[in-house]
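Just run-v8.csv here, CSV, C-alpha atoms and all ligand atoms:
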```
chain,number,residue,atom,x,y,z
A,1,MET,CA,77.4,69.1,85.3
A,2,ASP,CA,78.1,70.7,81.9
A,3,TYR,CA,79.5,74.2,81.7
A,4,CYS,CA,76.2,75.7,80.5
A,5,SER,CA,74.4,74.5,83.5
A,6,LYS,CA,77.2,75.5,85.8
A,7,LEU,CA,77.2,79.0,84.4
A,8,ARG,CA,73.4,79.2,84.7
A,9,ASP,CA,73.6,78.0,88.3
A,10,ILE,CA,76.3,80.6,89.2
A,11,SER,CA,74.5,83.4,87.4
A,12,LEU,CA,71.4,82.7,89.5
A,13,ARG,CA,73.5,82.7,92.7
A,14,ILE,CA,75.1,86.0,91.6
A,15,GLU,CA,71.7,87.5,90.8
A,16,ASN,CA,70.4,86.4,94.2
A,17,ALA,CA,73.4,87.8,96.0
A,18,LYS,CA,72.9,91.1,94.2
A,19,GLN,CA,69.3,91.2,95.4
A,20,ASN,CA,70.6,90.8,99.0
A,21,SER,CA,73.1,93.6,98.6
A,22,ARG,CA,72.6,97.3,99.0
A,23,PHE,CA,75.1,98.0,96.2
A,24,LYS,CA,73.3,96.6,93.1
A,25,GLU,CA,76.6,96.6,91.2
A,26,ASP,CA,76.8,94.8,87.8
A,27,ILE,CA,79.0,91.8,88.5
A,28,LYS,CA,81.7,90.7,86.1
A,29,LEU,CA,82.7,87.1,86.3
A,30,VAL,CA,86.3,86.2,85.7
A,31,ALA,CA,86.9,82.4,85.4
A,32,VAL,CA,90.2,81.4,87.0
A,33,SER,CA,91.6,78.8,84.7
A,34,LYS,CA,94.9,78.2,86.5
A,35,THR,CA,94.1,74.5,87.3
A,36,VAL,CA,92.8,73.5,83.8
A,37,THR,CA,94.1,73.3,80.3
A,38,SER,CA,93.1,75.3,77.2
A,39,THR,CA,90.6,72.6,76.3
A,40,GLU,CA,88.5,73.4,79.3
A,41,VAL,CA,88.9,77.1,78.7
A,42,ALA,CA,87.6,76.7,75.2
A,43,GLU,CA,84.6,74.7,76.4
A,44,LEU,CA,83.7,77.2,79.0
A,45,TYR,CA,84.1,80.0,76.5
A,46,LYS,CA,81.7,78.2,74.2
A,47,ALA,CA,79.2,78.0,77.1
A,48,GLY,CA,79.3,81.8,77.3
A,49,CYS,CA,82.1,82.9,79.6
A,50,THR,CA,84.4,85.4,77.9
A,51,ALA,CA,86.8,86.6,80.7
A,52,PHE,CA,89.5,84.3,82.1
A,53,GLY,CA,92.2,84.8,84.7
A,54,GLU,CA,95.6,83.3,85.2
A,55,ASN,CA,98.1,83.7,88.1
A,56,ARG,CA,101.3,82.8,86.3
A,57,VAL,CA,102.8,84.7,83.3
A,58,GLN,CA,104.0,81.5,81.5
A,59,ALA,CA,100.6,79.8,81.8
A,60,LEU,CA,98.9,82.9,80.6
A,61,LYS,CA,101.3,83.0,77.6
A,62,ASP,CA,100.7,79.4,76.8
A,63,LYS,CA,96.9,79.7,76.9
A,64,CYS,CA,96.9,83.0,74.9
A,65,GLU,CA,98.9,81.3,72.2
A,66,GLU,CA,96.8,78.1,72.2
A,67,LEU,CA,93.5,80.0,72.2
A,68,TYR,CA,94.5,83.1,70.0
A,69,ILE,CA,91.6,82.3,67.7
A,70,LEU,CA,89.0,83.1,70.5
A,71,PRO,CA,88.5,86.7,71.5
A,72,ILE,CA,89.0,86.0,75.2
A,73,GLU,CA,89.5,88.8,77.7
A,74,TRP,CA,92.6,87.8,79.8
A,75,HIS,CA,93.1,88.9,83.3
A,76,PHE,CA,96.3,88.5,85.4
A,77,ILE,CA,95.7,87.8,89.0
A,78,GLY,CA,98.9,86.4,90.4
A,79,ARG,CA,102.1,87.6,92.0
A,80,LEU,CA,104.2,89.4,89.4
A,81,GLN,CA,108.0,89.0,89.5
A,82,THR,CA,109.9,91.9,88.1
A,83,ASN,CA,111.7,89.7,85.5
A,84,LYS,CA,108.3,88.7,84.1
A,85,ILE,CA,106.9,92.2,83.5
A,86,ASN,CA,107.9,92.6,79.9
A,87,GLN,CA,106.5,89.2,79.0
A,88,LEU,CA,103.2,90.1,80.6
A,89,ILE,CA,103.0,93.4,78.9
A,90,ALA,CA,103.5,91.8,75.6
A,91,LEU,CA,100.4,89.6,76.2
A,92,HIS,CA,98.1,92.7,76.5
A,93,PRO,CA,96.0,91.4,79.4
A,94,ILE,CA,92.9,93.5,79.8
A,95,LEU,CA,93.5,94.0,83.6
A,96,ILE,CA,96.2,93.2,86.1
A,97,HIS,CA,94.4,92.6,89.4
A,98,SER,CA,97.6,92.1,91.5
A,99,CYS,CA,99.6,95.3,91.5
A,100,ASP,CA,100.7,95.0,95.1
A,101,SER,CA,103.1,97.8,95.8
A,102,LEU,CA,104.2,101.2,94.7
A,103,LYS,CA,107.5,99.7,93.7
A,104,LEU,CA,105.9,97.2,91.4
A,105,ALA,CA,103.6,99.9,89.9
A,106,LEU,CA,106.7,102.1,89.1
A,107,GLU,CA,108.5,99.2,87.5
A,108,ILE,CA,105.5,98.2,85.3
A,109,ASP,CA,105.0,101.8,84.4
A,110,LYS,CA,108.7,102.2,83.3
A,111,ARG,CA,108.4,99.1,81.0
A,112,LEU,CA,105.1,100.3,79.6
A,113,LYS,CA,106.7,103.7,78.8
A,114,ALA,CA,109.5,102.0,76.9
A,115,VAL,CA,107.0,100.3,74.6
A,116,ASN,CA,104.6,103.2,74.5
A,117,GLN,CA,101.7,101.2,75.8
A,118,THR,CA,99.2,101.6,78.6
A,119,LEU,CA,97.7,98.9,80.9
A,120,ASP,CA,94.9,98.9,83.4
A,121,ALA,CA,95.6,97.6,86.9
A,122,LEU,CA,94.1,97.2,90.3
A,123,LEU,CA,95.9,97.9,93.6
A,124,GLN,CA,95.9,94.7,95.7
A,125,ILE,CA,94.9,95.3,99.3
A,126,ASN,CA,95.9,93.0,102.1
A,127,SER,CA,92.7,93.8,103.9
A,128,ALA,CA,93.0,91.3,106.7
A,129,LYS,CA,96.7,92.1,107.1
A,130,GLU,CA,97.8,88.5,106.7
A,131,PRO,CA,101.6,88.1,106.7
A,132,THR,CA,101.5,85.4,103.9
A,133,LYS,CA,99.5,87.7,101.6
A,134,ALA,CA,100.6,90.3,99.1
A,135,GLY,CA,99.1,93.7,98.9
A,136,VAL,CA,99.3,97.1,100.6
A,137,LYS,CA,98.0,97.6,104.1
A,138,PRO,CA,94.5,99.2,104.3
A,139,GLU,CA,95.9,102.2,106.3
A,140,ASN,CA,98.4,102.9,103.5
A,141,ALA,CA,96.2,102.1,100.6
A,142,MET,CA,94.9,105.6,99.7
A,143,GLU,CA,98.3,107.1,100.0
A,144,VAL,CA,99.8,104.5,97.7
A,145,TYR,CA,96.8,104.7,95.3
A,146,LYS,CA,97.2,108.5,94.9
A,147,GLU,CA,101.0,108.2,94.5
A,148,ILE,CA,100.5,105.7,91.7
A,149,ILE,CA,97.8,107.8,90.0
A,150,HIS,CA,100.1,110.9,90.1
A,151,THR,CA,103.3,109.2,89.2
A,152,CYS,CA,102.4,106.6,86.6
A,153,GLN,CA,101.4,107.8,83.2
A,154,HIS,CA,101.1,104.4,81.5
A,155,LEU,CA,99.9,102.1,84.3
A,156,LYS,CA,96.3,103.1,84.8
A,157,LEU,CA,94.9,102.3,88.2
A,158,LYS,CA,91.2,101.3,87.9
A,159,GLY,CA,90.3,100.2,91.4
A,160,VAL,CA,91.2,97.6,94.1
A,161,MET,CA,91.5,93.9,94.5
A,162,SER,CA,91.7,91.7,97.5
A,163,ILE,CA,91.5,88.0,98.6
A,164,GLY,CA,89.1,87.4,101.5
A,165,ALA,CA,90.6,86.6,104.9
A,166,HIS,CA,91.8,83.0,105.0
A,167,THR,CA,89.7,81.7,107.8
A,168,ASN,CA,86.4,80.0,108.4
A,169,ASN,CA,85.3,82.9,110.5
A,170,ILE,CA,82.6,84.5,108.4
A,171,SER,CA,82.7,87.8,110.2
A,172,ALA,CA,86.5,88.1,109.7
A,173,ILE,CA,86.0,87.5,105.9
A,174,HIS,CA,83.1,90.0,105.9
A,175,LYS,CA,85.2,92.6,107.6
A,176,SER,CA,88.0,92.1,105.1
A,177,PHE,CA,85.6,92.7,102.2
A,178,GLU,CA,84.1,95.7,103.9
A,179,THR,CA,87.6,97.2,104.3
A,180,THR,CA,88.3,96.7,100.6
A,181,ARG,CA,85.0,98.2,99.6
A,182,GLU,CA,85.7,101.3,101.8
A,183,ILE,CA,89.0,101.8,100.1
A,184,TYR,CA,87.3,101.4,96.7
A,185,GLU,CA,84.8,104.1,97.6
A,186,LEU,CA,87.6,106.5,98.6
A,187,ALA,CA,89.3,105.8,95.3
A,188,LEU,CA,86.1,106.6,93.2
A,189,PRO,CA,87.1,110.3,92.9
A,190,PHE,CA,90.4,109.1,91.4
A,191,GLY,CA,88.7,107.1,88.7
A,192,ALA,CA,88.2,103.7,90.4
A,193,LYS,CA,85.8,101.4,88.5
A,194,TYR,CA,86.5,97.9,89.8
A,195,CYS,CA,86.3,96.3,93.2
A,196,SER,CA,87.6,92.7,92.6
A,197,MET,CA,86.9,90.4,95.5
A,198,GLY,CA,85.2,87.0,96.0
A,199,MET,CA,86.3,83.5,95.1
A,200,SER,CA,84.4,80.2,94.9
A,201,ALA,CA,83.9,79.9,98.7
A,202,ASP,CA,82.9,83.5,99.4
A,203,PHE,CA,81.7,85.3,96.3
A,204,GLU,CA,78.1,85.8,97.5
A,205,LEU,CA,79.5,87.5,100.7
A,206,ALA,CA,81.8,89.6,98.5
A,207,ILE,CA,78.9,90.7,96.3
A,208,LYS,CA,76.9,91.6,99.4
A,209,CYS,CA,79.9,93.7,100.5
A,210,GLY,CA,80.0,95.5,97.1
A,211,ALA,CA,82.3,93.6,94.8
A,212,ASN,CA,81.8,94.2,91.1
A,213,ILE,CA,84.3,91.6,89.8
A,214,ILE,CA,84.4,88.1,91.2
A,215,ARG,CA,87.1,85.5,90.4
A,216,LEU,CA,85.9,81.9,90.3
A,217,GLY,CA,88.0,78.9,89.8
A,218,SER,CA,87.2,75.6,91.6
A,219,ILE,CA,83.4,76.1,91.5
A,220,LEU,CA,83.5,76.2,87.7
A,221,PHE,CA,86.1,73.6,87.0
A,222,LYS,CA,85.6,71.0,89.7
B,1,LIG,C1,93.0,80.7,92.4
B,1,LIG,C2,92.5,82.1,92.6
B,1,LIG,C3,91.1,82.4,92.5
B,1,LIG,C4,90.1,81.4,92.4
B,1,LIG,O1,90.0,80.6,93.5
B,1,LIG,P1,88.8,79.5,93.7
B,1,LIG,O2,88.7,79.3,95.2
B,1,LIG,O3,89.3,78.3,93.0
B,1,LIG,O4,87.6,80.1,93.2
B,1,LIG,C5,90.8,83.8,92.7
B,1,LIG,N1,91.7,84.7,92.9
B,1,LIG,C6,93.0,84.5,92.9
B,1,LIG,C7,94.0,85.6,93.1
B,1,LIG,C8,93.5,83.2,92.8
B,1,LIG,O5,94.8,82.9,92.9
```
Could you show the structure in this file as structure tokens?
Ligand SMILES: *Cc1c(COP(=O)(O)O)cnc(C)c1O
Amino acid sequence: MDYCSKLRDISLRIENAKQNSRFKEDIKLVAVSKTVTSTEVAELYKAGCTAFGENRVQALKDKCEELYILPIEWHFIGRLQTNKINQLIALHPILIHSCDSLKLALEIDKRLKAVNQTLDALLQINSAKEPTKAGVKPENAMEVYKEIIHTCQHLKLKGVMSIGAHTNNISAIHKSFETTREIYELALPFGAKYCSMGMSADFELAIKCGANIIRLGSILFK
């Protein structure tokens, strides 16, 4: 299938999922391009997708450089090592989805201050409390959220992100999305705008649970 048909097909599924949701959020699609090259990114961009996500700083840098001519909105969605923070800041991503601790937030904020720059980010929630996953525990999420809001002047928290529970058990995935949405709602009075959840296998469920950003990779590029 060509990218135009794929995007059309996915837009219909998104619209359908919205109709089945009580939230009626506008859904932003971020195409996760970590498994493809700049050529595919440029093709999907031409088909109408303007937001892309990468999970490694070096890959993001390479693609930003190769595709500088296109006004692509770049998102960072991966684990961020401290020694890569400056490199990431210099790439001016529109949003970091994966700020996964107070410590990381403080570190990014410090580096942003040094270059007098601001950057929007989401707090990653480990909503199913999986030991292999990054993110703050749901029960600590609001405390950490408020601490970051009050301490960081340059890193601007704009909501939450999570990866659905890694299981075939739909109700466990559902529960993990609901947990994230609940935290998002608690963060609304603190300026939250984005609830980033849902990937190729579970984006319709995520929309039903109140996501307003979905991150799709394999369904677009397979
Ligand atoms: C790879 C990745 C995605 C996309 O996953 P697919 O299942 O390929 O849609 C979304 N979010 C994050 C954080 C990822 O690393």
Next item on the list: Could the residues that lie within 7 Å of ligand LIG 1 (chain B), counting all atoms listed in the file, be listed as a list in words?
Entry: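 Listing the residues within 7 Å of ligand LIG 1 (chain B) gives Val32, Lys34, Asn55, Ile77, Gly78, Ile163, Met199, Ser200, Ala201, Arg215, Leu216, Gly217, Ser218 and Ile219 of chain A.
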Keeping C-alpha atoms, export the residues of the selection given above as an mmCIF file, in the frame of the given file.
```cif
data_model
loop_
_atom_site.group_PDB
_atom_site.id
_atom_site.type_symbol
_atom_site.label_atom_id
_atom_site.label_comp_id
_atom_site.auth_asym_id
_atom_site.auth_seq_id
_atom_site.Cartn_x
_atom_site.Cartn_y
_atom_site.Cartn_z
ATOM 1 C CA VAL A 32 90.200 81.400 87.000
ATOM 2 C CA LYS A 34 94.900 78.200 86.500
ATOM 3 C CA ASN A 55 98.100 83.700 88.100
ATOM 4 C CA ILE A 77 95.700 87.800 89.000
ATOM 5 C CA GLY A 78 98.900 86.400 90.400
ATOM 6 C CA ILE A 163 91.500 88.000 98.600
ATOM 7 C CA MET A 199 86.300 83.500 95.100
ATOM 8 C CA SER A 200 84.400 80.200 94.900
ATOM 9 C CA ALA A 201 83.900 79.900 98.700
ATOM 10 C CA ARG A 215 87.100 85.500 90.400
ATOM 11 C CA LEU A 216 85.900 81.900 90.300
ATOM 12 C CA GLY A 217 88.000 78.900 89.800
ATOM 13 C CA SER A 218 87.200 75.600 91.600
ATOM 14 C CA ILE A 219 83.400 76.100 91.500
#
```
Next item on the list: Could you please determine the separation between atom CA of Asp109 of chain A and atom CA of Phe177 of chain A in Å, to one decimal place?
Entry: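 Atom-to-atom, atom CA of Asp109 of chain A and atom CA of Phe177 of chain A are spaced 27.9 Å apart.
When only C-alpha atoms are used to compute distances to Leu95 of chain A, the closest of the residues A:Gly48, A:Gly159, A:Gly191, A:Gly164 turns out to be A:Gly159.
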Name all residues at most 8 Å from Ala51 of chain A (count all atoms listed in the file; drop same-chain ones fewer than 4 positions away) and give them as a PDB file with C-alpha atoms, keeping the file's coordinate frame.
```pdb
ATOM      1  CA  LEU A  29      82.700  87.100  86.300  1.00  0.00           C
ATOM      2  CA  VAL A  30      86.300  86.200  85.700  1.00  0.00           C
ATOM      3  CA  ALA A  31      86.900  82.400  85.400  1.00  0.00           C
ATOM      4  CA  ILE A  72      89.000  86.000  75.200  1.00  0.00           C
ATOM      5  CA  GLU A  73      89.500  88.800  77.700  1.00  0.00           C
ATOM      6  CA  TRP A  74      92.600  87.800  79.800  1.00  0.00           C
ATOM      7  CA  HIS A  75      93.100  88.900  83.300  1.00  0.00           C
TER       8      HIS A  75
END
```
Notebook entry, point to check: Mind pulling up the distance from atom CA of Arg181 of chain A to atom CA of Cys195 of chain A?
Noted result: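 These two atoms are separated by 6.8 Å.
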Next item on the list: Fewer than 2 positions away in the same chain doesn't count, so skip those; otherwise give me all residues within 10 Å of Leu112 of chain A, counting all atoms listed in the file, as a count of residues only.
Entry: 19
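In this model, the gap between atom CA of Lys24 of chain A and atom CA of Gly210 of chain A comes to 7.9 Å.
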Check: From the list A:Ser98, A:Arg111, A:Ala42, A:Thr37, which residue is nearest Pro71 of chain A when using only C-alpha atoms?
Finding: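 With only C-alpha atoms as the atom set, the closest residue is A:Ala42.
Distance annotation: of A:Lys208, A:His97, A:Lys222, A:Lys146, the residue with the minimal separation from Leu188 of chain A is A:Lys146; atom set is only C-alpha atoms.
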Counting only C-alpha atoms, find residues at most 12 Å from (78.0, 76.0, 85.5) (file frame) and give them as a PDB file with C-alpha atoms, in the coordinates of the input.
```pdb
ATOM      1  CA  MET A   1      77.400  69.100  85.300  1.00  0.00           C
ATOM      2  CA  ASP A   2      78.100  70.700  81.900  1.00  0.00           C
ATOM      3  CA  TYR A   3      79.500  74.200  81.700  1.00  0.00           C
ATOM      4  CA  CYS A   4      76.200  75.700  80.500  1.00  0.00           C
ATOM      5  CA  SER A   5      74.400  74.500  83.500  1.00  0.00           C
ATOM      6  CA  LYS A   6      77.200  75.500  85.800  1.00  0.00           C
ATOM      7  CA  LEU A   7      77.200  79.000  84.400  1.00  0.00           C
ATOM      8  CA  ARG A   8      73.400  79.200  84.700  1.00  0.00           C
ATOM      9  CA  ASP A   9      73.600  78.000  88.300  1.00  0.00           C
ATOM     10  CA  ILE A  10      76.300  80.600  89.200  1.00  0.00           C
ATOM     11  CA  SER A  11      74.500  83.400  87.400  1.00  0.00           C
ATOM     12  CA  LEU A  12      71.400  82.700  89.500  1.00  0.00           C
ATOM     13  CA  ARG A  13      73.500  82.700  92.700  1.00  0.00           C
ATOM     14  CA  ALA A  31      86.900  82.400  85.400  1.00  0.00           C
ATOM     15  CA  GLU A  43      84.600  74.700  76.400  1.00  0.00           C
ATOM     16  CA  LEU A  44      83.700  77.200  79.000  1.00  0.00           C
ATOM     17  CA  TYR A  45      84.100  80.000  76.500  1.00  0.00           C
ATOM     18  CA  ALA A  47      79.200  78.000  77.100  1.00  0.00           C
ATOM     19  CA  GLY A  48      79.300  81.800  77.300  1.00  0.00           C
ATOM     20  CA  CYS A  49      82.100  82.900  79.600  1.00  0.00           C
ATOM     21  CA  LEU A 216      85.900  81.900  90.300  1.00  0.00           C
ATOM     22  CA  GLY A 217      88.000  78.900  89.800  1.00  0.00           C
ATOM     23  CA  SER A 218      87.200  75.600  91.600  1.00  0.00           C
ATOM     24  CA  ILE A 219      83.400  76.100  91.500  1.00  0.00           C
ATOM     25  CA  LEU A 220      83.500  76.200  87.700  1.00  0.00           C
ATOM     26  CA  PHE A 221      86.100  73.600  87.000  1.00  0.00           C
ATOM     27  CA  LYS A 222      85.600  71.000  89.700  1.00  0.00           C
TER      28      LYS A 222
END
```
Note to self: Report as a ChimeraX atom specification all protein, DNA and RNA residues lying within 10 Å of Ser176 of chain A, evaluated on all atoms listed in the file, omitting residues in the same chain fewer than 3 positions from it.
What the structure shows: /A:125-129,138,162-166,170-173,179-181,197,206,209
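Among the candidates A:Asn16, A:Thr50, A:Gln58, A:Thr151, the residue lying nearest to Phe203 of chain A is A:Asn16 (atoms considered: only C-alpha atoms).
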Check: Which of these residues is nearest to Met161 of chain A, using all atoms listed in the file: A:Thr39, A:Ser33, A:Asn140, A:Gln124?
Finding: A:Gln124
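Candidate residues A:Thr82, A:Ser38, A:Ile94, A:Phe52 were compared for distance to Leu67 of chain A, and the nearest is A:Ser38, using all atoms listed in the file.
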Kindly add N, CA and C atoms to the incomplete segment 12-39 of chain A and provide the output as an mmCIF file, in the coordinates of the input.
```
data_model
loop_
_atom_site.group_PDB
_atom_site.id
_atom_site.type_symbol
_atom_site.label_atom_id
_atom_site.label_comp_id
_atom_site.auth_asym_id
_atom_site.auth_seq_id
_atom_site.Cartn_x
_atom_site.Cartn_y
_atom_site.Cartn_z
ATOM 1 N N LEU A 12 72.545 82.566 88.589
ATOM 2 C CA LEU A 12 71.400 82.700 89.500
ATOM 3 C C LEU A 12 71.888 83.071 90.901
ATOM 4 N N ARG A 13 72.974 82.423 91.336
ATOM 5 C CA ARG A 13 73.500 82.700 92.700
ATOM 6 C C ARG A 13 74.021 84.182 92.723
ATOM 7 N N ILE A 14 74.633 84.637 91.629
ATOM 8 C CA ILE A 14 75.100 86.000 91.600
ATOM 9 C C ILE A 14 73.937 86.989 91.657
ATOM 10 N N GLU A 15 72.911 86.690 90.878
ATOM 11 C CA GLU A 15 71.700 87.500 90.800
ATOM 12 C C GLU A 15 71.081 87.627 92.236
ATOM 13 N N ASN A 16 70.987 86.471 92.873
ATOM 14 C CA ASN A 16 70.400 86.400 94.200
ATOM 15 C C ASN A 16 71.228 87.203 95.224
ATOM 16 N N ALA A 17 72.550 87.070 95.133
ATOM 17 C CA ALA A 17 73.400 87.800 96.000
ATOM 18 C C ALA A 17 73.289 89.308 95.818
ATOM 19 N N LYS A 18 73.119 89.700 94.560
ATOM 20 C CA LYS A 18 72.900 91.100 94.200
ATOM 21 C C LYS A 18 71.648 91.647 94.879
ATOM 22 N N GLN A 19 70.596 90.834 94.829
ATOM 23 C CA GLN A 19 69.300 91.200 95.400
ATOM 24 C C GLN A 19 69.474 91.473 96.930
ATOM 25 N N ASN A 20 70.390 90.699 97.532
ATOM 26 C CA ASN A 20 70.600 90.800 99.000
ATOM 27 C C ASN A 20 71.647 91.859 99.341
ATOM 28 N N SER A 21 72.108 92.586 98.331
ATOM 29 C CA SER A 21 73.100 93.600 98.600
ATOM 30 C C SER A 21 72.563 94.970 98.431
ATOM 31 N N ARG A 22 73.097 95.933 99.188
ATOM 32 C CA ARG A 22 72.600 97.300 99.000
ATOM 33 C C ARG A 22 73.299 97.996 97.859
ATOM 34 N N PHE A 23 74.269 97.320 97.220
ATOM 35 C CA PHE A 23 75.100 98.000 96.200
ATOM 36 C C PHE A 23 74.519 97.878 94.791
ATOM 37 N N LYS A 24 73.893 96.772 94.466
ATOM 38 C CA LYS A 24 73.300 96.600 93.100
ATOM 39 C C LYS A 24 74.327 96.818 91.998
ATOM 40 N N GLU A 25 75.554 96.401 92.200
ATOM 41 C CA GLU A 25 76.600 96.600 91.200
ATOM 42 C C GLU A 25 76.349 95.511 90.071
ATOM 43 N N ASP A 26 76.699 95.840 88.842
ATOM 44 C CA ASP A 26 76.800 94.800 87.800
ATOM 45 C C ASP A 26 78.004 93.978 88.114
ATOM 46 N N ILE A 27 77.848 92.662 88.075
ATOM 47 C CA ILE A 27 79.000 91.800 88.500
ATOM 48 C C ILE A 27 79.625 91.182 87.254
ATOM 49 N N LYS A 28 80.921 91.356 87.191
ATOM 50 C CA LYS A 28 81.700 90.700 86.100
ATOM 51 C C LYS A 28 82.314 89.434 86.661
ATOM 52 N N LEU A 29 82.128 88.356 85.919
ATOM 53 C CA LEU A 29 82.700 87.100 86.300
ATOM 54 C C LEU A 29 84.000 86.817 85.557
ATOM 55 N N VAL A 30 85.072 86.594 86.304
ATOM 56 C CA VAL A 30 86.300 86.200 85.700
ATOM 57 C C VAL A 30 86.552 84.713 86.089
ATOM 58 N N ALA A 31 86.638 83.841 85.098
ATOM 59 C CA ALA A 31 86.900 82.400 85.400
ATOM 60 C C ALA A 31 88.356 82.180 85.532
ATOM 61 N N VAL A 32 88.746 81.675 86.686
ATOM 62 C CA VAL A 32 90.200 81.400 87.000
ATOM 63 C C VAL A 32 90.546 80.047 86.453
ATOM 64 N N SER A 33 91.356 80.044 85.396
ATOM 65 C CA SER A 33 91.600 78.800 84.700
ATOM 66 C C SER A 33 92.977 78.177 85.031
ATOM 67 N N LYS A 34 93.560 78.590 86.165
ATOM 68 C CA LYS A 34 94.900 78.200 86.500
ATOM 69 C C LYS A 34 95.077 76.650 86.717
ATOM 70 N N THR A 35 93.978 75.968 87.021
ATOM 71 C CA THR A 35 94.100 74.500 87.300
ATOM 72 C C THR A 35 93.695 73.677 86.077
ATOM 73 N N VAL A 36 93.308 74.323 84.981
ATOM 74 C CA VAL A 36 92.800 73.500 83.800
ATOM 75 C C VAL A 36 93.627 73.886 82.562
ATOM 76 N N THR A 37 93.383 73.122 81.516
ATOM 77 C CA THR A 37 94.100 73.300 80.300
ATOM 78 C C THR A 37 93.235 74.194 79.310
ATOM 79 N N SER A 38 93.819 74.529 78.175
ATOM 80 C CA SER A 38 93.100 75.300 77.200
ATOM 81 C C SER A 38 91.833 74.660 76.677
ATOM 82 N N THR A 39 91.807 73.339 76.727
ATOM 83 C CA THR A 39 90.600 72.600 76.300
ATOM 84 C C THR A 39 89.399 73.021 77.132
#
```
